[in-house]
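Undergrad: Below is one structure. I have some questions about it.
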Amino acid sequence: MEFVPARHDIVRSITHLWLIKCWRMLQGSNNRIPLWKDLELKDVASLVDKLMFSDVVRTGDDLRFRIRYQGSRITELYGADCRGKFLGTGVQPALRDAMIRTYRHTVHARCPTYTVLKTFDRDLNAVSYERLLLPFSFDGHRVSRILTALEVLSPEGKFARDGMMIAPPAVEHVVCATIQTVPS
């Protein structure tokens with residue numbers, strides 16, 4: 001899984017593009033990590049069912065991610081409410097490891113990370129799982145929290161969401177990108 005630098009136009013979701021634009025506005029001209037306190041939660045209120053907030057927990061050189069908030073759509077996909085637990089709890093090892101690598105990459109890159117997975121639901125309908133990770137800071141110097149936004153779509157239209165990401169039959173990363181150029 002290799003992350004490539006990409007422009008914002010690689011992102012397909014209008015919601016994700018809007019979130020990137022908001023993040024960029026909070027970042028300002030000095031290119032600092034946006035402060036969490038500056039994010040107006042009322043602005044993202046209509047998206048809360050597809051959002052997750054995770055705190056970065058540092059232990060020596062190790063990074064872990066404690067889930068503080070998890071929207072209802074995410075709970076549906078993973079089959080459990082993981083608030084207060086560490087990222088990857090209850091997920092098959094290969095998917096968990098890729099997930100944690102993506103979060104760690106976001107911390108080190110200090111900019112948005114966008115991934116697209118191709119997978120299948122329990123009825124073997126093709127599903128596209130798009131994830132945007134936005135780093136935020138409490139102190140302006142290091143990444144302290146990550147806002148995650150998900151979009152899950154199927155060319156088949158309807159698909160089975162319940163527990164889809166616990167142990168999907170197959171997963172292929174088709175996009176792993178660090179967003180370098182963002183809309184102003």
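Residue numbering restarts at 1 in every chain; chains get A, B, ... in the order shown in the structure tokens, and ligands count up from 1 in that same order.
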Among region 70-172 of chain A, which ones does DSSP place in strand (DSSP E or B), written as a ChimeraX atom specification?

TA: /A:70,86,113-120,126-137,143-153,171-172

Undergrad: Compile the contact shell of region 154-156 of chain A as a ChimeraX atom specification: residues with an atom at most 12 Å away, counting only C-alpha atoms, same-chain residues fewer than 2 positions apart removed.

TA: /A:117-121,123-130,151-152,158-161

Undergrad: Those residues you just picked out, can you put them in a file as a PDB file, in the first residue's frame with N, CA and C atoms?

TA:
```pdb
ATOM      1  N   LEU A 117     -11.429   1.780  -1.527  1.00  0.00           N
ATOM      2  CA  LEU A 117     -11.351   0.319  -1.528  1.00  0.00           C
ATOM      3  C   LEU A 117     -12.468  -0.231  -2.400  1.00  0.00           C
ATOM      4  N   LYS A 118     -12.152  -1.263  -3.146  1.00  0.00           N
ATOM      5  CA  LYS A 118     -13.182  -2.028  -3.839  1.00  0.00           C
ATOM      6  C   LYS A 118     -13.411  -3.281  -3.006  1.00  0.00           C
ATOM      7  N   THR A 119     -14.666  -3.533  -2.664  1.00  0.00           N
ATOM      8  CA  THR A 119     -14.993  -4.710  -1.878  1.00  0.00           C
ATOM      9  C   THR A 119     -16.380  -5.205  -2.296  1.00  0.00           C
ATOM     10  N   PHE A 120     -16.935  -6.092  -1.497  1.00  0.00           N
ATOM     11  CA  PHE A 120     -18.244  -6.671  -1.797  1.00  0.00           C
ATOM     12  C   PHE A 120     -19.047  -6.778  -0.513  1.00  0.00           C
ATOM     13  N   ASP A 121     -20.361  -6.693  -0.643  1.00  0.00           N
ATOM     14  CA  ASP A 121     -21.207  -6.929   0.515  1.00  0.00           C
ATOM     15  C   ASP A 121     -21.469  -8.434   0.645  1.00  0.00           C
ATOM     16  N   ASP A 123     -23.927 -10.157  -0.173  1.00  0.00           N
ATOM     17  CA  ASP A 123     -24.602 -10.712  -1.350  1.00  0.00           C
ATOM     18  C   ASP A 123     -23.727 -10.625  -2.599  1.00  0.00           C
ATOM     19  N   LEU A 124     -22.455 -10.257  -2.406  1.00  0.00           N
ATOM     20  CA  LEU A 124     -21.443 -10.123  -3.453  1.00  0.00           C
ATOM     21  C   LEU A 124     -21.736  -9.003  -4.453  1.00  0.00           C
ATOM     22  N   ASN A 125     -22.435  -7.965  -3.981  1.00  0.00           N
ATOM     23  CA  ASN A 125     -22.582  -6.754  -4.777  1.00  0.00           C
ATOM     24  C   ASN A 125     -21.288  -5.958  -4.650  1.00  0.00           C
ATOM     25  N   ALA A 126     -20.781  -5.428  -5.761  1.00  0.00           N
ATOM     26  CA  ALA A 126     -19.573  -4.600  -5.732  1.00  0.00           C
ATOM     27  C   ALA A 126     -19.858  -3.320  -4.956  1.00  0.00           C
ATOM     28  N   VAL A 127     -18.895  -2.930  -4.115  1.00  0.00           N
ATOM     29  CA  VAL A 127     -19.050  -1.736  -3.285  1.00  0.00           C
ATOM     30  C   VAL A 127     -17.753  -0.936  -3.324  1.00  0.00           C
ATOM     31  N   SER A 128     -17.892   0.371  -3.431  1.00  0.00           N
ATOM     32  CA  SER A 128     -16.760   1.291  -3.363  1.00  0.00           C
ATOM     33  C   SER A 128     -16.810   1.984  -2.001  1.00  0.00           C
ATOM     34  N   TYR A 129     -15.716   1.837  -1.233  1.00  0.00           N
ATOM     35  CA  TYR A 129     -15.614   2.376   0.119  1.00  0.00           C
ATOM     36  C   TYR A 129     -14.591   3.497   0.075  1.00  0.00           C
ATOM     37  N   GLU A 130     -15.074   4.737   0.102  1.00  0.00           N
ATOM     38  CA  GLU A 130     -14.204   5.903  -0.003  1.00  0.00           C
ATOM     39  C   GLU A 130     -14.027   6.524   1.383  1.00  0.00           C
ATOM     40  N   GLU A 151     -17.775   7.477   2.540  1.00  0.00           N
ATOM     41  CA  GLU A 151     -18.819   7.375   1.519  1.00  0.00           C
ATOM     42  C   GLU A 151     -18.766   5.944   1.017  1.00  0.00           C
ATOM     43  N   VAL A 152     -19.894   5.276   1.022  1.00  0.00           N
ATOM     44  CA  VAL A 152     -19.944   3.893   0.562  1.00  0.00           C
ATOM     45  C   VAL A 152     -21.017   3.821  -0.513  1.00  0.00           C
ATOM     46  N   LYS A 158     -28.617  -0.565  -4.428  1.00  0.00           N
ATOM     47  CA  LYS A 158     -28.795  -1.028  -3.054  1.00  0.00           C
ATOM     48  C   LYS A 158     -27.776  -2.114  -2.721  1.00  0.00           C
ATOM     49  N   PHE A 159     -27.307  -2.107  -1.471  1.00  0.00           N
ATOM     50  CA  PHE A 159     -26.377  -3.145  -1.022  1.00  0.00           C
ATOM     51  C   PHE A 159     -26.532  -3.322   0.487  1.00  0.00           C
ATOM     52  N   ALA A 160     -26.046  -4.448   0.992  1.00  0.00           N
ATOM     53  CA  ALA A 160     -26.166  -4.780   2.412  1.00  0.00           C
ATOM     54  C   ALA A 160     -25.020  -4.141   3.187  1.00  0.00           C
ATOM     55  N   ARG A 161     -25.332  -3.187   4.064  1.00  0.00           N
ATOM     56  CA  ARG A 161     -24.322  -2.472   4.849  1.00  0.00           C
ATOM     57  C   ARG A 161     -23.964  -3.192   6.142  1.00  0.00           C
TER      58      ARG A 161
END
```

Undergrad: With only C-alpha atoms as the basis for distance, which of A:Leu132, A:Met1, A:Leu35, A:Leu41 is at the shortest distance from His173 (chain A)?

TA: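 Nearest to His173 (chain A): A:Met1.
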
Undergrad: Mind checking which residues fall within 6 Å of Tyr69 (chain A), counting only C-alpha atoms, ignoring those fewer than 2 positions away in the same chain, and posting them as a list in words?

TA: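 Residues near the query, excluding close chain neighbours: Met52, Phe53, Ile67 and Arg83 of chain A.
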
Undergrad: Would you pick out the contacts of Arg104 (chain A) at 12 Å or less, using only C-alpha atoms, so that residues sharing its chain but fewer than 3 positions from it are not included, and give the list as an mmCIF file with N, CA and C atoms, in the first residue's frame?

TA:
```cif
data_model
loop_
_atom_site.group_PDB
_atom_site.id
_atom_site.type_symbol
_atom_site.label_atom_id
_atom_site.label_comp_id
_atom_site.auth_asym_id
_atom_site.auth_seq_id
_atom_site.Cartn_x
_atom_site.Cartn_y
_atom_site.Cartn_z
ATOM 1 N N PHE A 3 1.221 5.361 -0.753
ATOM 2 C CA PHE A 3 0.477 6.604 -0.882
ATOM 3 C C PHE A 3 1.177 7.506 -1.882
ATOM 4 N N SER A 54 -11.105 10.514 15.887
ATOM 5 C CA SER A 54 -10.184 9.662 16.648
ATOM 6 C C SER A 54 -9.066 10.507 17.222
ATOM 7 N N ASP A 55 -8.728 10.252 18.489
ATOM 8 C CA ASP A 55 -7.589 10.916 19.121
ATOM 9 C C ASP A 55 -6.324 10.122 18.835
ATOM 10 N N VAL A 56 -5.237 10.829 18.569
ATOM 11 C CA VAL A 56 -3.935 10.204 18.363
ATOM 12 C C VAL A 56 -3.329 9.955 19.749
ATOM 13 N N VAL A 57 -3.016 8.691 20.029
ATOM 14 C CA VAL A 57 -2.416 8.318 21.314
ATOM 15 C C VAL A 57 -0.979 7.900 21.035
ATOM 16 N N ARG A 58 -0.054 8.650 21.598
ATOM 17 C CA ARG A 58 1.375 8.384 21.385
ATOM 18 C C ARG A 58 1.951 7.660 22.593
ATOM 19 N N ASP A 61 7.393 5.657 20.248
ATOM 20 C CA ASP A 61 7.305 5.862 18.796
ATOM 21 C C ASP A 61 6.020 5.298 18.201
ATOM 22 N N ASP A 62 5.224 4.630 19.010
ATOM 23 C CA ASP A 62 4.009 3.986 18.531
ATOM 24 C C ASP A 62 2.840 4.971 18.504
ATOM 25 N N LEU A 63 1.996 4.838 17.501
ATOM 26 C CA LEU A 63 0.784 5.645 17.382
ATOM 27 C C LEU A 63 -0.417 4.714 17.397
ATOM 28 N N ARG A 64 -1.390 5.048 18.227
ATOM 29 C CA ARG A 64 -2.667 4.336 18.235
ATOM 30 C C ARG A 64 -3.758 5.391 18.127
ATOM 31 N N PHE A 65 -4.954 4.955 17.818
ATOM 32 C CA PHE A 65 -6.034 5.897 17.547
ATOM 33 C C PHE A 65 -7.286 5.479 18.309
ATOM 34 N N LEU A 87 -8.795 2.021 17.219
ATOM 35 C CA LEU A 87 -9.075 1.748 15.817
ATOM 36 C C LEU A 87 -8.654 0.327 15.458
ATOM 37 N N ASP A 97 -4.731 -3.736 9.633
ATOM 38 C CA ASP A 97 -3.370 -3.253 9.413
ATOM 39 C C ASP A 97 -3.325 -2.155 8.358
ATOM 40 N N ALA A 98 -4.081 -2.324 7.277
ATOM 41 C CA ALA A 98 -4.136 -1.295 6.230
ATOM 42 C C ALA A 98 -4.783 -0.023 6.767
ATOM 43 N N MET A 99 -5.800 -0.178 7.592
ATOM 44 C CA MET A 99 -6.487 0.962 8.192
ATOM 45 C C MET A 99 -5.520 1.752 9.075
ATOM 46 N N ILE A 100 -4.793 1.059 9.924
ATOM 47 C CA ILE A 100 -3.868 1.721 10.843
ATOM 48 C C ILE A 100 -2.722 2.378 10.073
ATOM 49 N N ARG A 101 -2.224 1.739 9.013
ATOM 50 C CA ARG A 101 -1.179 2.363 8.177
ATOM 51 C C ARG A 101 -1.675 3.683 7.597
ATOM 52 N N VAL A 107 -0.941 11.113 10.021
ATOM 53 C CA VAL A 107 -0.217 11.821 11.084
ATOM 54 C C VAL A 107 1.135 12.310 10.569
ATOM 55 N N HIS A 108 1.865 11.445 9.895
ATOM 56 C CA HIS A 108 3.209 11.810 9.426
ATOM 57 C C HIS A 108 3.170 12.803 8.266
ATOM 58 N N ALA A 109 2.205 12.658 7.362
ATOM 59 C CA ALA A 109 2.104 13.562 6.208
ATOM 60 C C ALA A 109 1.554 14.933 6.603
ATOM 61 N N ARG A 110 0.742 14.966 7.670
ATOM 62 C CA ARG A 110 0.159 16.207 8.165
ATOM 63 C C ARG A 110 -0.766 16.880 7.166
ATOM 64 N N CYS A 111 -1.356 16.077 6.293
ATOM 65 C CA CYS A 111 -2.318 16.595 5.332
ATOM 66 C C CYS A 111 -3.358 15.513 5.017
ATOM 67 N N PRO A 112 -4.429 15.867 4.322
ATOM 68 C CA PRO A 112 -5.510 14.906 4.070
ATOM 69 C C PRO A 112 -5.022 13.655 3.331
ATOM 70 N N THR A 113 -5.638 12.538 3.686
ATOM 71 C CA THR A 113 -5.367 11.260 3.028
ATOM 72 C C THR A 113 -6.692 10.725 2.517
ATOM 73 N N LEU A 133 -9.391 11.168 5.425
ATOM 74 C CA LEU A 133 -8.871 11.440 6.763
ATOM 75 C C LEU A 133 -8.296 12.852 6.781
ATOM 76 N N LEU A 134 -8.751 13.652 7.732
ATOM 77 C CA LEU A 134 -8.288 15.031 7.872
ATOM 78 C C LEU A 134 -7.608 15.199 9.228
ATOM 79 N N PRO A 135 -6.326 15.590 9.236
ATOM 80 C CA PRO A 135 -5.613 15.772 10.510
ATOM 81 C C PRO A 135 -5.923 17.125 11.146
ATOM 82 N N VAL A 143 -0.244 16.508 15.019
ATOM 83 C CA VAL A 143 -1.576 15.965 14.800
ATOM 84 C C VAL A 143 -2.061 15.318 16.097
ATOM 85 N N SER A 144 -3.239 15.757 16.555
ATOM 86 C CA SER A 144 -3.823 15.270 17.802
ATOM 87 C C SER A 144 -5.115 14.501 17.580
ATOM 88 N N ARG A 145 -5.819 14.830 16.505
ATOM 89 C CA ARG A 145 -7.112 14.205 16.230
ATOM 90 C C ARG A 145 -7.270 14.061 14.721
ATOM 91 N N ILE A 146 -7.949 13.005 14.326
ATOM 92 C CA ILE A 146 -8.239 12.785 12.903
ATOM 93 C C ILE A 146 -9.743 12.700 12.720
#
```

Undergrad: Do you have the CA of Leu26 (chain A)-CA of Thr106 (chain A) distance handy?

TA: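 Between these atoms lies a distance of 16.9 Å.
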
Undergrad: Would you mind listing what lies within 8 Å of Arg32 (chain A) as a VMD selection string, with only C-alpha atoms counted and same-chain residues fewer than 3 positions away left out?

TA: chain A and resid 27 to 28 140 to 141

Undergrad: Counting only C-alpha atoms, figure out which residue out of A:Thr89, A:Thr102, A:Thr15, A:Gln70 gets nearest to Val44 (chain A).

TA: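 Distance minimum relative to Val44 (chain A) lands on A:Thr15.
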
Undergrad: Give the answer as one residue: which of A:Leu153, A:Leu147, A:Ile20, A:Val4 has the shortest atom-to-atom distance to Gly71 (chain A), using only C-alpha atoms?

TA: A:Leu147

Undergrad: Let me make sure I understand: among A:Leu39, A:Leu77, A:Ala149, A:Leu51, which one has the smallest atom-to-atom distance to Val91 (chain A) if we use only C-alpha atoms?

TA: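 Result for the nearest residue to Val91 (chain A): A:Leu77.
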
Undergrad: One number please: CA of Lys37 (chain A) to CA of Ile74 (chain A), in Å, one decimal.

TA: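 Between CA of Lys37 (chain A) and CA of Ile74 (chain A) the gap works out to 23.5 Å.
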
Undergrad: Quote the spacing between CA of Gly90 (chain A) and CA of Arg122 (chain A) in Å to one decimal place.

TA: 17.3 Å

Undergrad: Write out as a list in words the set of residues from region 55-135 of chain A that DSSP, computed on the backbone, places in alpha helix (DSSP H).

TA: Ser72, Arg73, Ile74, Thr75, Glu76, Leu77, Tyr78, Pro93, Ala94, Leu95, Arg96, Asp97, Ala98, Met99, Ile100, Arg101, Thr102, Tyr103, Arg104, His105, Thr106, Val107, His108 and Ala109 of chain A

Undergrad: Distance table requested - region 20-72 of chain A against region 175-180 of chain A, cut-off 12 Å, only C-alpha atoms: one row per qualifying residue with the closest atom pair and its distance in Å to one decimal, ordered by chain and rising residue number, as a Markdown table.

TA:
```
| residue | atom | partner | partner_atom | distance |
| --- | --- | --- | --- | --- |
| A:Ile20 | CA | A:Ile179 | CA | 8.8 |
| A:Lys21 | CA | A:Ile179 | CA | 11.4 |
| A:Trp23 | CA | A:Ile179 | CA | 11.5 |
| A:Arg24 | CA | A:Gln180 | CA | 10.7 |
| A:Asn31 | CA | A:Gln180 | CA | 11.3 |
```
